[in-house]
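Below: my_file_38.cif (mmCIF, C-alpha atoms and all ligand atoms)
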```
data_my_file
#
loop_
_atom_site.label_atom_id
_atom_site.label_comp_id
_atom_site.auth_asym_id
_atom_site.auth_seq_id
_atom_site.Cartn_x
_atom_site.Cartn_y
_atom_site.Cartn_z
CA MET R 178 74.26 77.20 9.42
CA ILE R 179 74.33 76.40 13.12
CA LYS R 180 72.81 79.11 15.29
CA PRO R 181 70.53 79.14 18.35
CA THR R 182 66.91 79.69 17.40
CA LEU R 183 63.83 81.02 19.10
CA ARG R 184 61.59 78.18 20.35
CA ASN R 185 57.95 77.98 21.12
CA TYR R 186 58.06 78.08 24.85
CA LYS R 187 55.10 77.93 27.15
CA ARG R 188 55.94 79.99 30.20
CA PRO R 189 55.28 78.16 33.46
CA VAL R 190 52.23 79.35 35.36
CA TYR R 191 52.46 77.37 38.59
CA ILE R 192 55.57 76.56 40.56
CA THR R 193 55.04 72.87 39.83
CA ASP R 194 55.25 73.60 36.08
CA TYR R 195 58.91 74.49 36.46
CA PRO R 196 61.21 71.67 35.42
CA THR R 197 63.62 70.40 38.01
CA GLY R 198 67.32 70.34 37.25
CA PRO R 199 69.47 73.16 36.00
CA ASN R 200 70.27 72.06 32.48
CA CYS R 201 68.70 72.67 29.10
CA GLU R 202 69.37 72.01 25.46
CA SER R 203 72.15 73.95 23.68
CA GLY R 204 70.98 77.00 21.79
CA HIS R 205 67.58 77.04 23.46
CA LEU R 206 66.26 80.59 23.09
CA VAL R 207 62.91 81.64 24.50
CA ASP R 208 63.33 85.39 24.43
CA LYS R 209 64.32 88.08 21.89
CA ASN R 210 66.67 90.97 22.72
CA SER R 211 65.10 93.58 20.46
CA GLY R 212 63.31 95.27 23.36
CA TRP R 213 66.67 96.58 24.61
CA ARG R 214 67.27 98.63 21.50
CA THR R 215 66.89 102.40 21.53
CA PHE R 216 68.79 103.00 18.27
CA ARG R 217 68.34 100.92 15.15
CA PRO R 218 71.09 100.22 12.61
CA THR R 219 70.08 100.56 8.96
CA ILE R 220 72.39 99.39 6.22
CA ASN R 221 72.55 101.45 3.05
CA LEU R 222 73.25 98.77 0.46
CA ASP R 223 74.38 101.36 -2.08
CA LEU R 224 77.26 102.32 0.18
CA CYS R 225 77.98 98.83 1.54
CA LYS R 226 81.05 97.18 -0.02
CA GLY R 227 80.45 93.80 1.58
CA CYS R 228 83.73 93.97 3.50
CA LEU R 229 82.10 92.09 6.44
CA ARG R 230 83.75 94.19 9.15
CA CYS R 231 80.37 94.82 10.80
CA TYR R 232 79.60 91.10 10.67
CA LEU R 233 82.95 90.32 12.30
CA LEU R 234 82.58 92.85 15.10
CA CYS R 235 78.92 92.61 16.15
CA PRO R 236 79.11 91.28 19.74
CA ASP R 237 75.73 89.65 19.31
CA GLY R 238 76.42 87.98 15.98
CA VAL R 239 73.22 89.37 14.50
CA ILE R 240 74.71 90.62 11.23
CA PHE R 241 74.69 87.92 8.58
CA LYS R 242 75.84 87.62 4.98
CA SER R 243 73.18 88.25 2.37
CA ASN R 244 73.63 88.54 -1.42
CA SER R 245 77.34 89.33 -1.06
CA LYS R 246 76.45 92.12 1.37
CA VAL R 247 75.00 92.03 4.88
CA ASP R 248 71.70 92.14 6.74
CA VAL R 249 70.62 92.44 10.40
CA ASP R 250 68.54 90.11 12.54
CA TYR R 251 66.51 92.77 14.34
CA ASP R 252 65.04 90.26 16.80
CA PHE R 253 68.42 90.06 18.52
CA CYS R 254 70.13 93.38 17.69
CA LYS R 255 70.63 95.48 20.84
CA GLY R 256 71.46 98.68 18.99
CA CYS R 257 74.96 99.11 20.43
CA GLY R 258 76.16 100.89 17.29
CA ILE R 259 79.51 99.08 16.95
CA CYS R 260 78.63 98.09 13.37
CA ALA R 261 77.95 101.69 12.34
CA HIS R 262 80.97 103.04 14.21
CA GLU R 263 83.33 100.50 12.66
CA CYS R 264 82.05 100.61 9.05
CA LYS R 265 84.75 102.36 7.05
CA PHE R 266 82.26 103.24 4.31
CA LYS R 267 79.68 104.89 6.57
CA ALA R 268 77.08 102.50 5.18
CA ILE R 269 75.26 102.04 8.47
CA THR R 270 73.22 104.71 10.22
CA MET R 271 71.74 104.55 13.68
CA THR R 272 68.29 106.06 14.08
CA LYS R 273 66.20 106.42 17.21
CA GLU R 274 63.54 103.76 17.58
CA ASP R 275 60.00 105.09 17.81
CA LYS R 276 58.52 103.30 20.72
CA GLU R 277 55.23 104.19 22.33
CA MET K 295 100.91 72.07 12.33
CA LYS K 296 103.44 74.81 11.71
CA SER K 297 102.49 78.38 11.02
CA GLU K 298 103.70 78.39 7.39
CA ASN K 299 100.86 76.17 6.12
CA ARG K 300 98.14 77.72 8.25
CA ILE K 301 95.41 79.70 6.47
CA ARG K 302 94.98 83.05 8.19
CA LEU K 303 91.46 83.58 9.44
CA ASN K 304 89.54 86.73 8.63
CA ALA K 305 85.95 87.98 8.27
CA GLN K 306 85.67 86.38 4.82
CA ASN K 307 86.76 82.85 5.61
CA ILE K 308 85.58 82.42 9.19
CA SER K 309 82.65 80.07 9.82
CA ASP K 310 79.11 81.47 9.47
CA ASN K 311 77.97 79.47 12.46
CA GLU K 312 77.06 81.39 15.59
CA TYR K 313 77.69 79.47 18.79
CA PHE K 314 77.09 82.35 21.19
CA PHE K 315 73.86 84.01 20.18
CA GLY K 316 70.90 85.48 22.02
CA HIS K 317 72.98 86.16 25.12
CA LYS K 318 72.11 88.95 27.54
CA ALA K 319 75.42 90.84 27.71
CA CYS K 320 75.09 94.62 27.84
CA ALA K 321 74.89 96.27 24.41
CA GLY K 322 78.40 96.69 23.04
CA CYS K 323 80.10 94.20 25.40
CA ALA K 324 83.51 93.17 24.07
CA GLY K 325 83.70 90.13 26.34
CA SER K 326 80.78 88.63 24.47
CA LEU K 327 82.50 89.46 21.17
CA ALA K 328 85.64 87.62 22.31
CA VAL K 329 83.61 84.52 23.24
CA ARG K 330 81.66 84.67 19.99
CA LEU K 331 84.78 84.95 17.80
CA ALA K 332 86.72 82.28 19.67
CA LEU K 333 83.86 79.80 19.31
CA LYS K 334 83.53 80.54 15.60
CA VAL K 335 87.19 79.54 15.29
CA LEU K 336 86.89 76.43 17.48
CA GLY K 337 83.72 75.10 15.89
CA GLU K 338 80.95 72.68 16.70
CA ARG K 339 83.02 69.99 18.36
CA THR K 340 83.88 72.22 21.28
CA PHE K 341 83.05 71.85 24.94
CA THR K 342 83.20 74.93 27.10
CA ALA K 343 83.24 75.87 30.76
CA LEU K 344 82.72 79.32 32.22
CA PRO K 345 83.03 80.28 35.87
CA ALA K 346 80.84 82.75 37.71
CA GLY K 347 81.28 86.07 35.91
CA CYS K 348 79.59 88.08 33.21
CA MET K 349 79.87 85.58 30.37
CA SER K 350 78.21 82.78 32.30
CA ALA K 351 75.65 85.17 33.76
CA VAL K 352 74.62 86.40 30.30
CA GLY K 353 74.91 83.05 28.52
CA PHE K 354 72.92 80.78 30.79
CA ILE K 355 69.64 82.39 31.85
CA TYR K 356 67.50 79.36 32.27
CA PRO K 357 65.68 78.43 30.04
CA GLN K 358 67.51 80.81 27.67
CA MET K 359 70.67 79.02 26.52
CA ALA K 360 72.87 81.19 24.30
CA PHE K 361 75.56 78.57 23.69
CA ALA K 362 74.95 76.31 20.70
CA ILE K 363 77.56 73.84 21.98
CA ASN K 364 77.95 71.88 25.20
CA ALA K 365 78.59 74.45 27.89
CA MET K 366 78.64 74.45 31.64
CA ILE K 367 79.26 76.79 34.54
CA SER K 368 82.19 76.11 36.84
CA THR K 369 82.80 77.33 40.35
CA PHE K 370 84.45 80.74 40.43
CA PRO K 371 87.95 79.41 41.24
CA GLY K 372 87.57 76.16 39.30
CA THR K 373 87.56 76.97 35.57
CA ALA K 374 90.79 75.15 34.82
CA SER K 375 90.13 72.18 37.10
CA LEU K 376 86.72 71.68 35.49
CA LEU K 377 88.41 71.82 32.08
CA SER K 378 90.78 69.08 33.22
CA GLY K 379 87.83 67.03 34.43
CA MET K 380 85.98 67.54 31.16
CA LYS K 381 89.06 66.42 29.28
CA ALA K 382 89.32 63.26 31.36
CA GLY K 383 85.60 62.53 30.97
CA LEU K 384 85.65 63.09 27.22
CA LYS K 385 88.69 60.86 26.91
CA LYS K 386 86.82 58.13 28.72
CA LEU K 387 83.96 58.56 26.25
CA GLY K 388 86.41 58.21 23.38
CA LYS K 389 86.03 61.84 22.32
CA GLU K 390 89.52 63.17 21.82
CA ASP K 391 89.24 65.10 18.56
CA VAL K 392 87.43 67.94 20.32
CA ASN K 393 88.31 71.35 21.68
CA ILE K 394 87.89 72.06 25.36
CA VAL K 395 87.90 75.75 26.18
CA GLY K 396 87.32 77.87 29.25
CA PHE K 397 86.40 81.54 29.26
CA ALA K 398 87.13 83.21 32.58
CA GLY K 399 87.22 86.87 33.58
CA ASP K 400 90.23 88.74 34.93
CA GLY K 401 89.11 88.13 38.52
CA GLY K 402 88.39 84.48 37.76
CA THR K 403 91.87 84.14 36.25
CA ALA K 404 94.42 86.36 37.97
CA ASP K 405 92.90 86.16 41.44
CA ILE K 406 90.68 83.29 42.53
CA GLY K 407 91.31 80.90 39.61
CA ILE K 408 95.09 81.18 39.40
CA GLN K 409 95.81 78.04 41.40
CA ALA K 410 93.57 75.81 39.28
CA LEU K 411 95.04 77.33 36.12
CA SER K 412 98.58 76.67 37.36
CA GLY K 413 97.62 73.06 38.10
CA ALA K 414 96.14 72.42 34.68
CA ILE K 415 99.22 73.83 32.94
CA ASP K 416 101.43 71.75 35.21
CA ARG K 417 99.51 68.60 34.23
CA ARG K 418 99.92 69.60 30.56
CA ASP K 419 96.24 68.91 29.99
CA ARG K 420 95.18 69.65 26.45
CA VAL K 421 92.72 72.46 27.17
CA ILE K 422 92.47 76.06 26.02
CA TYR K 423 92.10 78.72 28.69
CA ILE K 424 90.93 82.13 27.55
CA CYS K 425 90.93 85.04 29.98
CA TYR K 426 88.67 87.86 28.80
CA ASP K 427 90.06 90.82 30.64
CA ASN K 428 87.62 93.64 31.36
CA GLU K 429 89.87 94.83 34.17
CA ALA K 430 87.49 94.40 37.12
CA TYR K 431 84.88 92.15 38.69
CA MET K 432 82.08 93.40 36.46
CA ASN K 433 79.38 90.86 37.18
CA THR K 434 79.23 91.85 40.83
CA GLY K 435 79.33 95.59 40.20
CA ILE K 436 82.87 96.70 39.29
CA GLN K 437 85.28 95.74 42.07
CA LYS K 438 89.07 95.86 41.65
CA SER K 439 90.87 92.68 40.54
CA GLY K 440 94.57 91.89 40.17
CA LEU K 441 94.24 93.01 36.56
CA THR K 442 92.70 96.42 37.25
CA PRO K 443 95.10 99.11 36.03
CA PHE K 444 96.62 101.87 38.16
CA GLY K 445 94.27 104.79 38.72
CA THR K 446 91.06 102.95 37.81
CA LYS K 447 87.98 104.00 39.73
CA THR K 448 86.10 100.93 40.91
CA THR K 449 83.69 100.47 43.80
CA THR K 450 86.52 99.13 45.96
CA THR K 451 89.11 101.65 44.74
CA PRO K 452 87.10 104.87 44.70
CA ALA K 453 88.41 108.20 43.47
CA GLY K 454 88.18 110.62 46.33
CA LYS K 455 90.25 112.76 48.68
CA ASN K 456 92.32 109.90 50.07
CA ILE K 457 93.06 107.84 46.98
CA ARG K 458 92.57 108.39 43.26
CA GLY K 459 91.47 104.97 42.13
CA CYS K 460 93.43 101.72 42.04
CA LEU K 461 96.84 101.95 43.74
CA THR K 462 98.50 99.04 41.94
CA HIS K 463 99.38 98.21 38.34
CA LYS K 464 98.11 95.20 36.37
CA LYS K 465 99.42 91.83 37.47
CA ASN K 466 101.72 90.35 34.81
CA MET K 467 99.50 87.36 34.07
CA PHE K 468 100.98 86.60 30.65
CA GLU K 469 104.49 86.10 32.00
CA ILE K 470 103.19 84.25 35.06
CA VAL K 471 101.57 81.75 32.69
CA ALA K 472 104.63 81.64 30.43
CA ALA K 473 106.83 80.92 33.46
CA HIS K 474 105.11 77.51 33.64
CA ASP K 475 106.82 76.83 30.33
CA ILE K 476 103.39 76.40 28.78
CA GLU K 477 103.25 75.17 25.17
CA TYR K 478 101.46 78.26 23.83
CA ALA K 479 100.41 81.54 25.44
CA ALA K 480 99.38 84.81 23.85
CA THR K 481 97.95 88.21 24.59
CA ALA K 482 95.33 89.72 22.30
CA SER K 483 92.80 92.51 22.05
CA VAL K 484 89.36 92.60 20.45
CA GLY K 485 90.67 95.77 18.77
CA TYR K 486 92.81 93.41 16.63
CA PRO K 487 90.18 90.73 15.97
CA GLU K 488 92.04 88.84 13.22
CA ASP K 489 95.13 88.57 15.40
CA PHE K 490 92.95 87.21 18.21
CA MET K 491 91.20 84.64 15.98
CA ASN K 492 94.47 83.36 14.62
CA LYS K 493 95.86 82.99 18.11
CA VAL K 494 92.79 80.96 19.06
CA GLN K 495 93.47 78.74 16.06
CA LYS K 496 97.07 78.28 17.16
CA ALA K 497 95.95 77.49 20.70
CA ALA K 498 93.64 74.78 19.32
CA GLU K 499 96.60 73.16 17.57
CA ALA K 500 98.62 72.82 20.78
CA SER K 501 98.98 69.31 22.11
CA THR K 502 99.03 70.45 25.74
CA THR K 503 97.67 73.48 27.61
CA SER K 504 97.33 76.86 25.93
CA TYR K 505 96.39 80.28 27.28
CA ILE K 506 95.11 83.45 25.63
CA HIS K 507 94.65 86.72 27.48
CA VAL K 508 92.33 88.99 25.50
CA LEU K 509 91.60 92.59 26.43
CA ALA K 510 87.83 93.03 26.24
CA PRO K 511 86.44 96.46 27.16
CA CYS K 512 83.24 96.70 29.17
CA PRO K 513 81.20 99.80 28.36
CA THR K 514 79.26 99.46 31.60
CA GLY K 515 82.28 99.28 33.89
CA TRP K 516 84.59 101.52 31.91
CA GLY K 517 82.06 104.30 31.38
CA THR K 518 82.26 104.39 27.61
CA PRO K 519 79.65 104.73 24.84
CA THR K 520 78.29 101.38 23.66
CA GLU K 521 79.68 101.71 20.13
CA THR K 522 83.32 102.18 21.15
CA ALA K 523 84.56 98.91 22.70
CA VAL K 524 86.48 97.70 19.65
CA GLU K 525 88.03 101.11 19.02
CA ILE K 526 89.11 101.46 22.66
CA ALA K 527 90.58 97.97 22.67
CA LYS K 528 92.69 99.00 19.66
CA ASP K 529 93.67 102.29 21.32
CA ALA K 530 94.87 100.38 24.38
CA VAL K 531 97.39 98.55 22.18
CA ASP K 532 98.32 101.61 20.15
CA CYS K 533 99.07 103.74 23.22
CA GLY K 534 101.17 100.95 24.70
CA LEU K 535 99.09 100.20 27.79
CA TRP K 536 98.34 96.76 26.34
CA PHE K 537 100.51 94.66 24.04
CA LEU K 538 100.23 91.81 21.54
CA ALA K 539 102.66 89.01 22.24
CA GLU K 540 103.15 85.25 22.11
CA TYR K 541 105.12 82.68 24.04
CA GLU K 542 105.88 79.62 21.95
CA GLU K 543 108.53 76.94 22.12
CA GLY K 544 110.11 78.71 25.04
CA GLU K 545 110.46 82.05 23.26
CA PHE K 546 108.66 85.36 23.66
CA LYS K 547 107.60 87.28 20.59
CA LEU K 548 106.17 90.79 20.31
CA ASN K 549 103.62 90.80 17.48
CA ARG K 550 103.32 94.55 17.31
CA VAL K 551 105.87 97.16 18.26
CA PRO K 552 104.38 100.64 17.78
CA LYS K 553 107.02 103.03 16.37
CA GLU K 554 105.41 105.78 18.38
CA PHE K 555 102.72 105.38 20.99
CA SER K 556 99.40 107.18 20.54
CA SER K 557 98.29 109.42 23.38
CA VAL K 558 97.74 107.72 26.73
CA LYS K 559 95.75 110.70 27.89
CA ASN K 560 93.33 110.34 24.98
CA TYR K 561 92.88 106.67 25.76
CA LEU K 562 92.25 107.30 29.45
CA PHE K 563 89.99 110.32 29.19
CA GLN K 564 87.53 108.57 26.86
CA GLN K 565 86.60 106.44 29.86
CA SER K 566 84.79 107.74 32.92
CA ARG K 567 86.72 105.31 35.16
CA PHE K 568 89.82 107.50 34.60
CA LYS K 569 88.24 110.98 34.51
CA HIS K 570 89.62 111.97 37.93
CA LEU K 571 93.30 111.35 37.07
CA THR K 572 95.78 114.21 37.47
CA GLU K 573 98.75 115.06 35.24
CA ASP K 574 101.00 113.35 37.80
CA ASP K 575 98.94 110.17 37.64
CA ILE K 576 99.28 110.11 33.86
CA ILE K 577 103.04 110.59 34.17
CA GLU K 578 103.13 107.58 36.53
CA ILE K 579 101.09 105.50 34.04
CA GLU K 580 103.44 106.46 31.19
CA ARG K 581 106.49 105.76 33.33
CA PHE K 582 105.19 102.26 34.08
CA ARG K 583 104.37 101.69 30.41
CA ASP K 584 107.85 102.78 29.25
CA LYS K 585 109.56 100.62 31.83
CA LYS K 586 107.54 97.60 30.71
CA TRP K 587 108.22 98.22 27.02
CA ASP K 588 111.96 98.75 27.61
CA ARG K 589 112.09 95.44 29.39
CA MET K 590 109.96 93.59 26.79
CA LYS K 591 111.98 95.00 23.89
CA SER K 592 115.36 94.31 25.41
CA LYS K 593 114.44 90.77 26.47
CA TRP K 594 112.17 89.64 23.65
CA LEU K 595 113.45 91.37 20.54
CA ASN K 596 117.01 90.20 20.92
CA GLU K 597 119.23 88.54 18.30
CA LYS K 598 117.37 86.73 15.51
C1 LIG L 1 83.66 81.61 45.47
C2 LIG L 1 82.91 82.76 44.92
N1 LIG L 1 83.18 84.00 45.34
C3 LIG L 1 82.52 85.05 44.86
C4 LIG L 1 81.55 84.88 43.90
C5 LIG L 1 80.79 86.05 43.39
N2 LIG L 1 81.16 86.45 42.05
C6 LIG L 1 80.48 86.00 40.98
S1 LIG L 1 81.01 86.66 39.55
C7 LIG L 1 82.16 87.58 40.34
C8 LIG L 1 83.03 88.55 39.58
C9 LIG L 1 83.68 87.98 38.39
O1 LIG L 1 84.66 88.86 37.90
P1 LIG L 1 85.55 88.46 36.66
O2 LIG L 1 86.12 87.13 36.86
O3 LIG L 1 86.50 89.56 36.36
O4 LIG L 1 84.48 88.32 35.48
P2 LIG L 1 83.50 89.47 34.91
O5 LIG L 1 82.27 89.44 35.74
O6 LIG L 1 84.22 90.77 35.00
O7 LIG L 1 83.23 89.07 33.51
C10 LIG L 1 82.12 87.36 41.72
C11 LIG L 1 82.98 88.04 42.71
C12 LIG L 1 81.28 83.55 43.47
N3 LIG L 1 80.38 83.31 42.54
N4 LIG L 1 81.97 82.52 43.99
S1 LIG L 2 81.22 97.26 7.44
FE1 LIG L 2 80.05 98.60 6.11
S2 LIG L 2 80.79 98.18 4.04
FE2 LIG L 2 81.51 96.52 5.34
S3 LIG L 2 79.92 94.95 5.11
FE3 LIG L 2 79.35 96.17 6.90
S4 LIG L 2 77.98 97.76 6.11
FE4 LIG L 2 79.04 96.84 4.35
S1 LIG L 3 73.85 97.73 16.60
FE1 LIG L 3 75.23 96.34 17.74
S2 LIG L 3 73.96 94.50 18.05
FE2 LIG L 3 72.98 95.66 16.42
S3 LIG L 3 73.83 94.86 14.52
FE3 LIG L 3 75.09 96.63 15.09
S4 LIG L 3 76.77 95.77 16.24
FE4 LIG L 3 75.18 94.20 16.19
S1 LIG L 4 79.00 94.44 32.66
FE1 LIG L 4 80.59 94.68 31.10
S2 LIG L 4 81.49 92.64 30.80
FE2 LIG L 4 79.53 92.39 31.89
S3 LIG L 4 78.04 91.99 30.25
FE3 LIG L 4 78.01 94.19 30.66
S4 LIG L 4 79.47 95.07 29.21
FE4 LIG L 4 79.88 92.85 29.29
MG MG L 5 86.27 91.05 34.90
#
```
Could the structure of this file be written out as structure tokens, please?
Amino acid sequence: MIKPTLRNYKRPVYITDYPTGPNCESGHLVDKNSGWRTFRPTINLDLCKGCLRCYLLCPDGVIFKSNSKVDVDYDFCKGCGICAHECKFKAITMTKEDKE
Amino acid sequence: MKSENRIRLNAQNISDNEYFFGHKACAGCAGSLAVRLALKVLGERTFTALPAGCMSAVGFIYPQMAFAINAMISTFPGTASLLSGMKAGLKKLGKEDVNIVGFAGDGGTADIGIQALSGAIDRRDRVIYICYDNEAYMNTGIQKSGLTPFGTKTTTTPAGKNIRGCLTHKKNMFEIVAAHDIEYAATASVGYPEDFMNKVQKAAEASTTSYIHVLAPCPTGWGTPTETAVEIAKDAVDCGLWFLAEYEEGEFKLNRVPKEFSSVKNYLFQQSRFKHLTEDDIIEIERFRDKKWDRMKSKWLNEK
């Protein structure tokens, strides 16, 4: 499967460490999005019918197929709740993240 | 290829690959969903250009690169001219079995980019132009564009004592594009994702320019909860304020003709950008909708 992946990236310390030129490799990720999330989707696999509607509609593409059902890549889920709202079987619940 | 032998795309058979991933769009952004789905349809051998606007701002945050394909940022007015240039360059490199697609906002399409778009269609360049319409200049903080609907509160069309939001109706971009006698043009909504994906597939099969105008709600600019963008995009079609249509081989086609419209008021009042509207404003919005539908039905549903 083709999908951008998180790289090991050494953050520049001095201005001279910054590369010149505005381009970089396709799918070059250095940063997760999980810190944005205030609500966390949890899939109840007993209720999930594997219809893939949540997978289709996640704007971030973080729901993936798994054992004929679905799973979430929590590193990149922003917690928008579209998946839960659109699941016709109420198989996804959104719960508040406990963050210190 | 003709429609009869085409396999209809859906959640089950669409590619697992993610070509727009790790982007920084607001949670629940339908523009990013439109880009993601279109690229899943178009596949790995796709080159894309995006002008200044939300989707370039959230996709290219150096050194975070959310596109898994070759992607570049164009000038704000120059989406379509860059696409033409990319096509010429790729041709020179011997790469012709590729898709070249642009994703521009409503401002980047109906206002500042309209001339370049008109030129590309006129040259019949084989490129796909997708306008993701969030009905305002979102990336710069919600200013009115030519595609902002009547009554919308934006920072340049405030709702106050003198005016109640945007004074004009949406520019008829779909028919403006069709008037070029383009090979394929369509409207779509993320609320009907399968319809959108299949239109992208059709656009990719065109041998000259194609255009898709997809309604893509913006929770940040529309003042809606983050989980509702897909639902609202469907409501927009069901209440008749948006429509699903195609222009192909010189003919218009309505893909969906609601027997009865759902409530316009319900659609509008879910969104804080319309909260100030009066009963009279809603009557004006419905009047405009009915006039448009009467015209579309009488002109496009004829004979056959
Ligand atoms: C020539 C030029 N004028 C103005 C801008 C500033 N600008 C950048 S993005 C943007 C708004 C884009 O709106 P739209 O095309 O609707 O896309 P959205 O941000 O809503 O996705 C503006 C005005 C610019 N980059 N270049
Ligand atoms: S939408 Fe619901 S039922 Fe369908 S795959 Fe997702 S969680 Fe399962
Ligand atoms: S909460 Fe939003 S980002 Fe997270 S999996 Fe669901 S739809 Fe995707
Ligand atoms: S402002 Fe709107 S269009 Fe822009 S990224 Fe946020 S939700 Fe998407
Ligand atoms: Mg816009």
Within 9 Å of chain K, which residues of chain R come that close, and what is the closest atom pair and distance in Å for each? Count only C-alpha atoms and give it as CSV.
```
residue,atom,partner,partner_atom,distance
R:Met178,CA,K:Asn311,CA,5.3
R:Ile179,CA,K:Asn311,CA,4.8
R:Lys180,CA,K:Glu312,CA,4.8
R:Pro181,CA,K:Ala362,CA,5.8
R:Thr182,CA,K:Gly316,CA,8.4
R:Leu183,CA,K:Gly316,CA,8.9
R:Pro199,CA,K:Tyr356,CA,7.5
R:Asn200,CA,K:Tyr356,CA,7.8
R:Cys201,CA,K:Pro357,CA,6.6
R:Glu202,CA,K:Met359,CA,7.2
R:Ser203,CA,K:Ala362,CA,4.7
R:Gly204,CA,K:Ala362,CA,4.2
R:His205,CA,K:Met359,CA,4.8
R:Leu206,CA,K:Gln358,CA,4.8
R:Val207,CA,K:Gln358,CA,5.6
R:Asp208,CA,K:Gln358,CA,7.0
R:Lys209,CA,K:Gly316,CA,7.1
R:Asn210,CA,K:Gly316,CA,7.0
R:Trp213,CA,K:Ala321,CA,8.2
R:Arg214,CA,K:Ala321,CA,8.5
R:Cys228,CA,K:Gln306,CA,7.9
R:Leu229,CA,K:Ala305,CA,5.9
R:Arg230,CA,K:Ala305,CA,6.6
R:Tyr232,CA,K:Ala305,CA,7.5
R:Leu233,CA,K:Ala305,CA,5.5
R:Leu234,CA,K:Leu327,CA,7.0
R:Cys235,CA,K:Leu327,CA,6.9
R:Pro236,CA,K:Leu327,CA,4.1
R:Asp237,CA,K:Phe315,CA,6.0
R:Gly238,CA,K:Phe315,CA,6.3
R:Val239,CA,K:Phe315,CA,7.8
R:Phe241,CA,K:Asp310,CA,7.9
R:Lys242,CA,K:Asp310,CA,8.3
R:Phe253,CA,K:Gly316,CA,6.3
R:Cys254,CA,K:Ala321,CA,8.7
R:Lys255,CA,K:Ala321,CA,5.6
R:Gly256,CA,K:Ala321,CA,6.9
R:Cys257,CA,K:Ala321,CA,4.9
R:Gly258,CA,K:Glu521,CA,4.6
R:Ile259,CA,K:Glu521,CA,4.1
R:Cys260,CA,K:Glu521,CA,7.7
R:Ala261,CA,K:Glu521,CA,8.0
R:His262,CA,K:Glu521,CA,6.2
R:Glu263,CA,K:Glu525,CA,7.9
```
- [ ] Quick one: residues within 7 Å of (78.3, 100.4, 4.5) (file frame), counting all atoms listed in the file, please, as a ChimeraX atom specification.
- [x] /R:220-222,224-226,264,266-269
Open item on the list: Restricting the calculation to only C-alpha atoms and all ligand atoms: of R:Thr219, R:Gly227, R:Ser243, R:Tyr186, which residue gets closest to ligand LIG 3 (chain L)?
Closed with: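 The shortest atom-to-atom distance to ligand LIG 3 (chain L) comes from R:Thr219.
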- [ ] Quick one: pull the distance between CA of Leu595 in chain K and CA of Phe546 in chain K, Å, one decimal.
- [x]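 Pair CA of Leu595 in chain K / CA of Phe546 in chain K returns 8.3 Å.
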Task: Shortest interatomic distance to ligand LIG 3 (chain L) - which of R:Arg188, R:Glu274, R:Ile240, R:Asp223, counting all atoms listed in the file - done: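 Using all atoms listed in the file, the shortest distance to ligand LIG 3 (chain L) belongs to R:Ile240.
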- [ ] Please write out the residues within 7 Å of ligand LIG 1 (chain L) as JSON, numbers by chain, counting only C-alpha atoms and all ligand atoms.
- [x] {"K": [346, 347, 348, 349, 369, 370, 371, 398, 399, 400, 401, 402, 403, 427, 428, 429, 430, 431, 432, 433, 434, 439]}
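Atom pair CA of Asp475 in chain K / CA of Ala374 in chain K has a distance of 16.7 Å (rounded to one decimal).
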- [ ] Go ahead and compute the interatomic distance for CA of Pro452 in chain K and CA of Phe563 in chain K, in Å to one decimal.
- [x] 16.7 Å
Task: Who sits within 12 Å of Ser501 in chain K, all atoms listed in the file, same chain under 4 positions skipped, as a ChimeraX atom specification - done: /K:295,390-394,415,418-422,476-478,496-497
Open item on the list: Need the shell around Ile506 in chain K: protein/DNA/RNA residues with any atom at most 8 Å away, counting only C-alpha atoms. Skip same-chain ones fewer than 5 positions apart. Format as a PyMOL selection string?
Closed with: chain K and resi 422-425+479-482+493-494+497
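Among the candidates K:Gly396, K:Gly440, K:Gly379, K:Gly445, the one nearest to ligand MG 5 (chain L) when counting all atoms listed in the file is K:Gly440.
When all atoms listed in the file are used to measure the gap to Tyr251 in chain R, the shortest distance among R:Pro189, R:Arg184, R:Pro196, R:Arg217 belongs to R:Arg217.
Minimum atom-to-atom distance to ligand LIG 3 (chain L), evaluated using all atoms listed in the file, belongs to R:Lys273 out of R:Thr197, R:Asn185, R:Tyr191, R:Lys273.
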